[in-house]
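First the structure, in the form of structure tokens, and then the observations on it.
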Amino acid sequence: MTELFDAERTDVDHREAAHEHHGGSFKLYWIIALVLGGVTVIEVFLAEWLPQQGGLGQYTASIMLALSILKAVLVAAFYMHLKYEKRILTGIFLIPFFLVSLLMLALFGSG
Amino acid sequence: MTFGRITAILALIFAALVALVFFYPHMPWLLPDAAAREAEGIDNLMRLMFIVSMGIFVFVQGFLLYFVWIYRHRSDDDPDAVGRAIHGDNKLEIAWTIAPALFLVFLTIYSLDEFRKLNLDTTIEGAREVNVIGQQFFWTFEHPAAGLRETNTLTLEEGVPVSLHITGVDVIHAFWVPEFRVKQDATPGYVRTINLTPTSVGKYPLRCAEFCGTGHSQMLAEVQVLSAADYTAWETEALAEASNASAGVEAYVEYGCGGCHALEEADAAAAVGPTHEGLGVTAQERIEDPSYTGEAETPEEYIAESIRNPGAYVVPDYPNIMPAFGEDQIGDEELEALVQLLMEQE
Amino acid sequence: MGRRLSEMMHEFQRRRWASAGTLALLLLLLGGGSALAQGPGPGEAASGTQNPSIAVAFFGIVLALVGTGLLAAVLIGFALWATGTRVPFIPRGELHGWKRYFWFSVDHKVIGIQYFWTSFIMFFLGGIAALLVRAELAAPGLQLLSADRYNQFFTMHGTIMIFLFIIPMLTGAFGNFVVPLQVGTFDMAFPKLNALSFWLVPPAALLLFASFFVPSGPPMAGWTAYPPVSLDGGTGQVLWAVSVFIIGWSSIVGGMNFLVTIMNMRTKGVHYFRLPLFTWGIATTATLQVLGTPSLAAAVVLQYMNLVLDFPFFVADRGGSPLMWQHIFWFYSHPAVYIMILPAFGIISEILPVFSRKPIFGYRAVVYATIGIGFLSFIVWAHHMFASAMPSATRIPFMLTTMLIAVPSGIKIFNWLGTLAYGKIRLEPPMLFALALVSMFVIGGISGVFLGSLPADLHLHDTYFVVAHIHYVLFGGSAFAIFAGIYYWFPKMFGRMLDSRMGKMHFWLSFIGFNLAFLPMHAVGALGMPRRYADYPDAGAFFELNATITVGAFLLGFAQLILVFNMLRAFRYGEVAEDNPWNARTLEWLTSSPPPHHNFEEPLIVEHDPYDYGRRVTRPEALPVPGD
Amino acid sequence: MSTEFARVAAKFEANQEPGTGVSNDKLGMWIFLASEVIFFAVLIAAVVTLRMRNAEIWGEHHEAAIATGLATINTFILIMSSVFVVSAIDAIQKGKENWMKFWLFLTLVGGSVFLYIQSLEWAELSHGLQEHFGLGPYFEGATQSILASSFYTLTGFHGLHVFIGVLLLLYVMMRAFRGDFTPRKYNALEMFGLYWHFVDLVWIILFTVLYLLG
Ligand code: HEA
Ligand code: HEA
Ligand code: CUA
Ligand SMILES: [Cu+2]
């Protein structure tokens with residue numbers, strides 16, 4: 001970032017004007033934070049406490065993964081603004097997940 | 001140089017090369033003579049691919065040369081002459097997308113069928129089983145049913161299917177007998193099974209086909225395919241030999257020393273490492289060598305040290321590649337037996 | 001004071017000290033890391049035969065010292081400037097003339113040329129390694145090299161050729177020089193990152209070559225560096241990993257730069273379907289670089305950890321998985337082979353229309369084929385592992401995808417043939433090499449299909465048949481395209497024409513030497529000679545064939561000297577190049593040779609397709625269009 | 001040169017195709033993040049593979065040496081620091097420069113505390129393995145434990161990213177205090193934010209994979 005991004009150029013042009021106040025508000029950000037915190041609490045609860053009660057068995061892992069993906073999606077969508085940006089950025093960000101999931105299939109399959 | 005002459009030269013060179021490569025005596029179809037049932041299917045597949053690809057090759061080169069020839073810019077043409085402004089032709093393009101695709105579909109199905117017939121990863125019922133172990137830089141073959149173990153020679157019976165369970169010890173190697181075609185990596189931590197049915201009596205080279213370090217190109221072994229009678233004889237003899245063998249020879253075979261060294265008493269004739277013939281005498285000389293840095297004072301100690309810590313003295317002209325055998329691998333008793341065996345070599 | 005500080009900051013940025021500083025920090029981090037990592041004592045080296053830790057620590061310290069030195073230089077330079085001290089030998093501002101090629105420049109053309117010479121030298125170093133390999137294989141037995149030396153040379157050969165020659169040459173040199181011109185803009189999107197991409201390459205190369213001077217010697221596990229055998233490689237292997245890691249990041253940053261340039265900075269009228277095909281090739285390649293290379297980075301990170309800290313990631317009996325490396329490595333390295341061919345295809349798609357004086361046949365089909373190859377390249381990687389420990393059922397889907405990839409490749413070949421038909425073909429050196437690529441790549445591609453057929457690969461895997469395939473696609477494909485590109489763009493890059501007769505001589509000798517060297521390899525391999533053999537049994541026809549190959553290899557090597565001579569000669573005696581010597585229709589030919597500092601005097605508005613020979617073009621104010 | 005460059009850039013940029021409609025910096029940043037996704041995802045895939053091969057030992061070592069407590073705190077810290085960054089951006093958008101500085105300062109605290117706690121975690125893991133399995137300290141122990149080597153590698157690279165993030169943050173803060181950012185111009189801050197959230201996002205996944213799934 002430092003000087004690698006071209007400070008001179010971005011300082012002169014008016015690109016920033018394009019990005020008016022779309023999407024996201026102070027309040028929303030903090031609500032999201034609350035949700036993230038809440039989900040984390042649920043996760044820790046699932047991981048630490050439930051197993052001692054017999055737990056959800058084989059589903060625990062999937063549920064927990066789903067929860068953490070939910071958190072990641074929230075961060076990407078609101079904090080990283082993907083929800084309000086051009087769709088192409090979402091595309092750019094999702095492709096690698098798709099590709100690596102193929103690698104994972106092969107890796108886990110030939111363990 | 002006119003274009004015509006260039007083309008002629010080019011064609012000649014190609015013809016010569018193709019002739020050299022493809023019609024060289026003793027290499028029909030570029031493949032070594034098949035010696036396993038599994039090879040036949042693979043060979044047919046390759047022959048088919050070869051013919052079709054020759055067709056594709058001639059087709060592409062033909063059009064290429066033809067176009068270059070008839071559409072060349074002639075010396076009496078307008079220097080700025082341009083070609084015809086054709087931007088494409090959908091029908092043609094669809095045709096040359098579909099045609100190769102169809103062939104590839106066929107090829108894929110054919111390949112799948114051949115692959116299925118190889119029955120990898122399954123142990124065929126009624127097949128003999130052999131455990132194949134690759135190790136820097138030799139092969140060990142165990143025949144668990146007969147209770148036999150060979151180093152660097154694999155003995156098989158003509159017409160009898162074998163299931164080879166292949167694994168590696170230190171690094172990845174690959175079991176490959178060109179005449180059998182099928183190849184399988186010997187990877188530490190994994191056992192993979194291939195099936196082979198040798199079809200003709202003879203001796204075939206086994207070449208390690210996965211890079212495994214300094215001795216990779218020396219990691220050669222041999223597969224001998226015997227007729228039923230010979231095989232039985234071999235088995236009986238080998239069993240008898242095994243039961244008569246001294247503890248030393250047994251350990252010698254067990255740890256694959258013969259993979260790299262030569263020792264007649266143990267049927268070993270490899271030359272990756274120094275020979276063991278006459279070691280009883282040479283051991284003393286080595287201790288006296290001024291460049292010797294080890295701790296041994298007697299020949300016995302020297303031999304033991306060479307097993308436990310082979311790097312202590314490296315015989316000139318040989319690479320320092322022998323693995324160190326710790327106490328968890330070769331116990332003290334076996335070490336003793338080995339030392340005794342080697343001391344007897346005058 | 002605040003003003004002064006901010007002025008200083010600006011000046012600081014202007015002087016690229018920050019780039020140098022970044023580099024210094026990087027070296028410091030890597031070197032210091034390697035050295036410090038030795039602290040807790042990594043236990044026994046995996047192999048048990050040698051303990052790399054001391055050597056690694058030593059080298060880490062050297063690296064760290066270099067980094068510290070650089071950092072100190074940057075700081076001192078800054079201090080000198082801040083106090084107003086004048087030092088005569090520190091260049092101020094942008095340099096001019098030849099000197100700028102030896103300093104941090106942000107001009108994409110300068111960077112392109114820096115890449116060009118760097119990777120060209122690498123080609124020779126890699127070539128010398130290849131000739132040593134060939135000399136050793138001329139006859140059975142070990143005559144010239146020891147087995148270890150042999151292994152080191154083919155490893156260095158593969159590594160140099162792939163990571164330091166083909167990739168930097170195609171994307172770094174040609175991509176950098178040509179793409180901004182072809183999209184009609186003044187520079188890359190991030191000129192400084194562009195400089196960073198380049199300046200990561202020389203240190204990486206130096207690190208790799210430094211391995212000749214460490215006790216273990218250079219890496220000797222092949223360019224694929226499969227563990228566990230690579231874990232015995234000691235410091236040389238560590239250097240390999242670090243070097244590849246650095247080149248990898250150079251590649252990622254470069255790819256990102258290309259993507260942004262191509263997506264955001266096309267001049268008016270150059271919509272996506274008016275991009276020249278070379279730029280399409282680079283765009284797809286850049287995508288592969290950005291999405292593939294991090295996987296290589298992750299792989300070498302794991303290997304580095306295993307080598308230096310003895311983390312048992314790949315050591316089977318401590319729970320590691322040797323197979324895992326192969327998956328992760330090929331997940332990058334298969335896309336990498338298309339990184340090496342797509343820009344080459346792009347070059348050919350530029351040259352064939354120009355020298356046939358007619359539009360490319362089926363522009364859109366070629367574009368879709370490029371994208372298709374790019375996508376498919378991510379799902380075929382395990383065809384390199386058909387004989388590995390991978391379960392046999394897992395191999396099947398990869399055979400299906402591998403076969404599929406021949407279809408878009410075929411589309412390209414046939415469209416190129418279509419481009420030739422009804423043309424007015426001029427057989428200048430660029431065209432000769434382009435035609436040679438079309439014919440040689442077909443051989444390489446088809447041998448690829450052989451290898452893609454699972455049962456056939458069980459026989460052919462890891463034999464010289466694969467080596468033949470490699471060279472037909474990489475030399476007959478990528479390198480021939482590079483030669484074509486050199487003859488084609490040299491006038492634009494350096495303002496001088498290369499001699500055409502010498503070019504033709506270079507071509508014919510290369511072509512003959514190439515086929516003499518690599519065609520017989522198919523036979524050697526199929527007949528039973530495994531690759532990476534320092535020595536081979538004197539059986540069958542091995543000796544004759546190998547001797548032929550060696551003769552061909554030396555002929556091929558000799559032919560390259562003509563190219564060098566031609567280039568050097570051109571600087572002095574070469575005919576001065578016109579703006580558009582080939583009568584081409586893409587934008588780089590609309591500006592002077594070599595182009596001015598910001599490429600075009602005025603921005604362009606493009607109103608025609610890239611190869612529209614034979615169509616009258618309306619001439620907008622800003623667009624000088626060459627006559628037909 | 002700077003101004004000349006800017007002039008040329010403006011001239012050419014006025015004559016461009018619409019492109020993606022996203023600024024170069026932002027587009028570049030997202031492409032870079034996409035490659036970072038591959039990097040981390042591949043590392044995670046490798047670790048999960050190893051874990052599947054060594055399920056039993058992994059379980060034992062996990063039980064003995066990994067506790068969720070501190071890591072949960074760390075998760076909260078990173079989440080908070082993320083919300084601090086967006087708050088800072090929100091503040092500068094509204095022209096509240098001082099609030100921006102305030103939020104950035106909190107972010108810095110968050111990042112630093114995270115790193116500190118991470119170092120405690122390394123120690124805890126090391127002690128756990130030493131005590132229960134007699135393994136050597138730190139990296140030496142990791143040579144005998146797939147879990148430890150995976151743990152150090154993953155959290156190490158993540159930590160390195162946090163560390164780089166902190167350095168970037170220092171730079172951004174320097175510019176903030178210099179008064180570089182205005183409601184229309186806060187590009188560097190926004191780019192930093194993207195990077196920082198990404199690092200947070202990676203941690204969210206790591207937390208689940210390394211800590212919670214025992
Ligand atoms: C520029 C680099 C490049 C390119 C473009 C390719 C292209 C292809 N490669 Fe190659 N490959 C390498 C570089 C490359 N390869 C390297 C370096 C290795 C070795 C790595 C190592 O181990 O060191 C390797 C190894 C390799 C293997 C592993 C071999 C082994 O180790 O056992 C395989 C197996 O499937 C393979 C397949 C293919 C295929 C199917 C294509 C296809 O893309 C080819 C498609 C093209 C055509 C088919 C020709 C044109 C098409 C037509 C004219 C249409 C009609 C054709 C038909 C109907 C068949 N390659
Ligand atoms: C772009 C990539 C590229 C290129 C251009 C080349 C070029 C050449 N390669 Fe390459 N090769 C690879 C990529 C490439 N190779 C890869 C990836 C491998 C696999 C490595 C591995 O297994 O890990 C490989 C492996 C490989 C092997 C197999 C080694 C083995 O498995 O044991 C061989 C053997 O012959 C070989 C030979 C050659 C030759 C003779 C050339 C020639 O084209 C070289 C031409 C010579 C020069 C350019 C030298 C320049 C001229 C001079 C120095 C002047 C002096 C000369 C005279 C006076 C005659 N290569
Ligand atoms: Cu064993 Cu190669
Ligand atoms: Cu491939």
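Going through the structure tokens in order, the chains are called A, B, and so on, while each chain numbers its residues from 1 and the ligands are numbered from 1 in the order shown.
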Taking only C-alpha atoms and all ligand atoms into account, report as a PyMOL selection string which residues have an atom no farther than 6 Å from an atom of ligand 1. (chain B and resi 100+103-104) or (chain C and resi 337-338+340-341+383-384+402-403+405-406+409-410+413+442+445-446+448-449+451-452+457+461-462+466+470+473-474)
Save out the residues we just selected, C-alpha atoms, as a short mmCIF file (atom, residue, chain, number, x, y, z; two decimals), in the first residue's frame.
```cif
data_model
loop_
_atom_site.label_atom_id
_atom_site.label_comp_id
_atom_site.auth_asym_id
_atom_site.auth_seq_id
_atom_site.Cartn_x
_atom_site.Cartn_y
_atom_site.Cartn_z
CA PRO B 100 -11.75 -33.45 -32.78
CA PHE B 103 -12.57 -38.34 -31.65
CA LEU B 104 -11.61 -37.32 -28.13
CA VAL C 337 2.29 -24.40 -18.53
CA TYR C 338 -0.55 -22.41 -20.00
CA MET C 340 3.84 -20.24 -20.76
CA ILE C 341 1.82 -20.93 -23.88
CA HIS C 383 -2.74 -35.71 -15.06
CA HIS C 384 0.84 -35.30 -13.87
CA THR C 402 -7.35 -33.32 -19.94
CA MET C 403 -8.86 -34.64 -23.13
CA ILE C 405 -8.42 -29.21 -23.34
CA ALA C 406 -7.35 -30.44 -26.76
CA SER C 409 -6.25 -25.84 -28.63
CA GLY C 410 -7.38 -27.41 -31.88
CA ILE C 413 -4.58 -24.31 -34.72
CA VAL C 442 0.72 -29.81 -33.02
CA GLY C 445 0.00 -31.11 -28.26
CA ILE C 446 -0.69 -34.52 -29.63
CA GLY C 448 0.19 -34.33 -24.68
CA VAL C 449 -2.97 -36.19 -25.63
CA LEU C 451 0.06 -38.57 -22.02
CA GLY C 452 -3.46 -37.57 -21.13
CA ASP C 457 0.56 -42.53 -19.52
CA HIS C 461 5.05 -41.25 -17.52
CA ASP C 462 8.49 -40.10 -16.40
CA VAL C 466 7.50 -36.64 -21.52
CA ILE C 470 7.97 -30.68 -22.77
CA VAL C 473 5.47 -27.41 -26.40
CA LEU C 474 8.00 -25.27 -24.55
#
```
Dump the neighbourhood of ligand 4 as a ChimeraX atom specification: all residues within 8 Å, distances computed on only C-alpha atoms and all ligand atoms. /C:330,333-335,337,377,380-384
Which residues, written as a ChimeraX atom specification, have at least one atom at most 7 Å from range 37-48 of chain A, with only C-alpha atoms counted and residues fewer than 3 positions away on the same chain left out? /A:33-34,51,64,67 /D:76,212-213
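Taking only C-alpha atoms and all ligand atoms into account, ligand 3 has within 6 Å the residues Gln136, Phe137, His173, Cys208, Ala209, Glu210, Phe211, Cys212, His216 and Met219 of chain B.
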Tell me which protein, DNA and RNA residues are within 9 Å of Leu352 in chain C, counting only C-alpha atoms, leaving out same-chain ones fewer than 2 positions away, and put them as a list in words. Ile347, Ile348, Ser349, Glu350, Val354, Phe355, Ser356, Arg357, Lys358, Pro359, Ile360, Trp416, Thr419, Leu420, Ile425, Pro430, Met431, Ala434 and Leu435 of chain C
Serialized selection, N, CA, C and O atoms, as a PDB file, in the first residue's frame:
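As written to disk, again_15.pdb reads:
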```pdb
ATOM      1  N   ILE C 347       1.169 -14.110 -29.442  1.00  0.00           N
ATOM      2  CA  ILE C 347       2.158 -13.578 -30.387  1.00  0.00           C
ATOM      3  C   ILE C 347       1.881 -14.118 -31.785  1.00  0.00           C
ATOM      4  O   ILE C 347       1.892 -13.385 -32.780  1.00  0.00           O
ATOM      5  N   ILE C 348       1.611 -15.416 -31.843  1.00  0.00           N
ATOM      6  CA  ILE C 348       1.365 -16.030 -33.147  1.00  0.00           C
ATOM      7  C   ILE C 348       0.111 -15.431 -33.777  1.00  0.00           C
ATOM      8  O   ILE C 348       0.070 -15.155 -34.971  1.00  0.00           O
ATOM      9  N   SER C 349      -0.914 -15.214 -32.930  1.00  0.00           N
ATOM     10  CA  SER C 349      -2.142 -14.635 -33.477  1.00  0.00           C
ATOM     11  C   SER C 349      -1.927 -13.205 -33.947  1.00  0.00           C
ATOM     12  O   SER C 349      -2.712 -12.680 -34.724  1.00  0.00           O
ATOM     13  N   GLU C 350      -0.899 -12.528 -33.479  1.00  0.00           N
ATOM     14  CA  GLU C 350      -0.567 -11.210 -34.020  1.00  0.00           C
ATOM     15  C   GLU C 350       0.130 -11.348 -35.363  1.00  0.00           C
ATOM     16  O   GLU C 350      -0.137 -10.618 -36.312  1.00  0.00           O
ATOM     17  N   VAL C 354      -0.689 -10.411 -39.716  1.00  0.00           N
ATOM     18  CA  VAL C 354       0.120  -9.326 -40.278  1.00  0.00           C
ATOM     19  C   VAL C 354       0.877  -9.789 -41.516  1.00  0.00           C
ATOM     20  O   VAL C 354       0.900  -9.106 -42.535  1.00  0.00           O
ATOM     21  N   PHE C 355       1.456 -10.968 -41.426  1.00  0.00           N
ATOM     22  CA  PHE C 355       2.278 -11.406 -42.558  1.00  0.00           C
ATOM     23  C   PHE C 355       1.459 -12.141 -43.611  1.00  0.00           C
ATOM     24  O   PHE C 355       1.993 -12.520 -44.652  1.00  0.00           O
ATOM     25  N   SER C 356       0.160 -12.358 -43.334  1.00  0.00           N
ATOM     26  CA  SER C 356      -0.709 -12.835 -44.406  1.00  0.00           C
ATOM     27  C   SER C 356      -1.520 -11.682 -44.948  1.00  0.00           C
ATOM     28  O   SER C 356      -2.297 -11.855 -45.878  1.00  0.00           O
ATOM     29  N   ARG C 357      -1.388 -10.523 -44.306  1.00  0.00           N
ATOM     30  CA  ARG C 357      -2.144  -9.332 -44.698  1.00  0.00           C
ATOM     31  C   ARG C 357      -3.628  -9.620 -44.777  1.00  0.00           C
ATOM     32  O   ARG C 357      -4.303  -9.325 -45.759  1.00  0.00           O
ATOM     33  N   LYS C 358      -4.139 -10.235 -43.740  1.00  0.00           N
ATOM     34  CA  LYS C 358      -5.577 -10.465 -43.726  1.00  0.00           C
ATOM     35  C   LYS C 358      -6.032 -10.663 -42.296  1.00  0.00           C
ATOM     36  O   LYS C 358      -5.207 -10.942 -41.423  1.00  0.00           O
ATOM     37  N   PRO C 359      -7.314 -10.441 -42.004  1.00  0.00           N
ATOM     38  CA  PRO C 359      -7.765 -10.527 -40.612  1.00  0.00           C
ATOM     39  C   PRO C 359      -7.580 -11.938 -40.064  1.00  0.00           C
ATOM     40  O   PRO C 359      -7.541 -12.900 -40.832  1.00  0.00           O
ATOM     41  N   ILE C 360      -7.491 -12.036 -38.741  1.00  0.00           N
ATOM     42  CA  ILE C 360      -7.435 -13.370 -38.149  1.00  0.00           C
ATOM     43  C   ILE C 360      -8.753 -14.057 -38.448  1.00  0.00           C
ATOM     44  O   ILE C 360      -9.798 -13.431 -38.472  1.00  0.00           O
ATOM     45  N   TRP C 416      -5.775 -20.628 -37.166  1.00  0.00           N
ATOM     46  CA  TRP C 416      -4.538 -20.090 -37.738  1.00  0.00           C
ATOM     47  C   TRP C 416      -4.386 -20.536 -39.183  1.00  0.00           C
ATOM     48  O   TRP C 416      -4.010 -19.755 -40.047  1.00  0.00           O
ATOM     49  N   THR C 419      -6.449 -18.524 -41.231  1.00  0.00           N
ATOM     50  CA  THR C 419      -5.890 -17.192 -41.451  1.00  0.00           C
ATOM     51  C   THR C 419      -4.934 -17.186 -42.638  1.00  0.00           C
ATOM     52  O   THR C 419      -4.820 -16.193 -43.352  1.00  0.00           O
ATOM     53  N   LEU C 420      -4.252 -18.297 -42.837  1.00  0.00           N
ATOM     54  CA  LEU C 420      -3.284 -18.346 -43.938  1.00  0.00           C
ATOM     55  C   LEU C 420      -3.987 -18.371 -45.296  1.00  0.00           C
ATOM     56  O   LEU C 420      -3.497 -17.795 -46.270  1.00  0.00           O
ATOM     57  N   ILE C 425       1.159 -14.124 -48.266  1.00  0.00           N
ATOM     58  CA  ILE C 425       2.053 -14.498 -47.178  1.00  0.00           C
ATOM     59  C   ILE C 425       3.479 -14.050 -47.432  1.00  0.00           C
ATOM     60  O   ILE C 425       4.070 -14.341 -48.466  1.00  0.00           O
ATOM     61  N   PRO C 430       9.829 -13.377 -38.506  1.00  0.00           N
ATOM     62  CA  PRO C 430       8.766 -13.602 -37.518  1.00  0.00           C
ATOM     63  C   PRO C 430       7.756 -14.621 -38.018  1.00  0.00           C
ATOM     64  O   PRO C 430       7.296 -15.482 -37.256  1.00  0.00           O
ATOM     65  N   MET C 431       7.427 -14.531 -39.288  1.00  0.00           N
ATOM     66  CA  MET C 431       6.443 -15.439 -39.853  1.00  0.00           C
ATOM     67  C   MET C 431       6.969 -16.860 -39.877  1.00  0.00           C
ATOM     68  O   MET C 431       6.240 -17.814 -39.582  1.00  0.00           O
ATOM     69  N   ALA C 434       6.613 -18.243 -36.552  1.00  0.00           N
ATOM     70  CA  ALA C 434       5.205 -18.436 -36.225  1.00  0.00           C
ATOM     71  C   ALA C 434       4.673 -19.698 -36.897  1.00  0.00           C
ATOM     72  O   ALA C 434       3.976 -20.514 -36.275  1.00  0.00           O
ATOM     73  N   LEU C 435       5.040 -19.883 -38.166  1.00  0.00           N
ATOM     74  CA  LEU C 435       4.590 -21.092 -38.862  1.00  0.00           C
ATOM     75  C   LEU C 435       5.185 -22.330 -38.205  1.00  0.00           C
ATOM     76  O   LEU C 435       4.518 -23.357 -38.044  1.00  0.00           O
TER      77      LEU C 435
END
```
Residue contacts of Asn54 in chain D (9 Å, only C-alpha atoms) excluding same-chain residues fewer than 6 positions away, as JSON, numbers by chain: {"C": [319, 320], "D": [146, 147]}
Writer output for current selection, C-alpha atoms, as a compact mmCIF listing (two decimals), in the first residue's frame:
```txt
# COMPACT_ATOMS: atom_id res chain seq x y z
CA GLY C 319 2.33 -38.10 9.66
CA GLY C 320 3.13 -36.02 6.61
CA ILE D 146 1.62 -32.36 12.89
CA LEU D 147 -0.77 -30.27 14.90
```
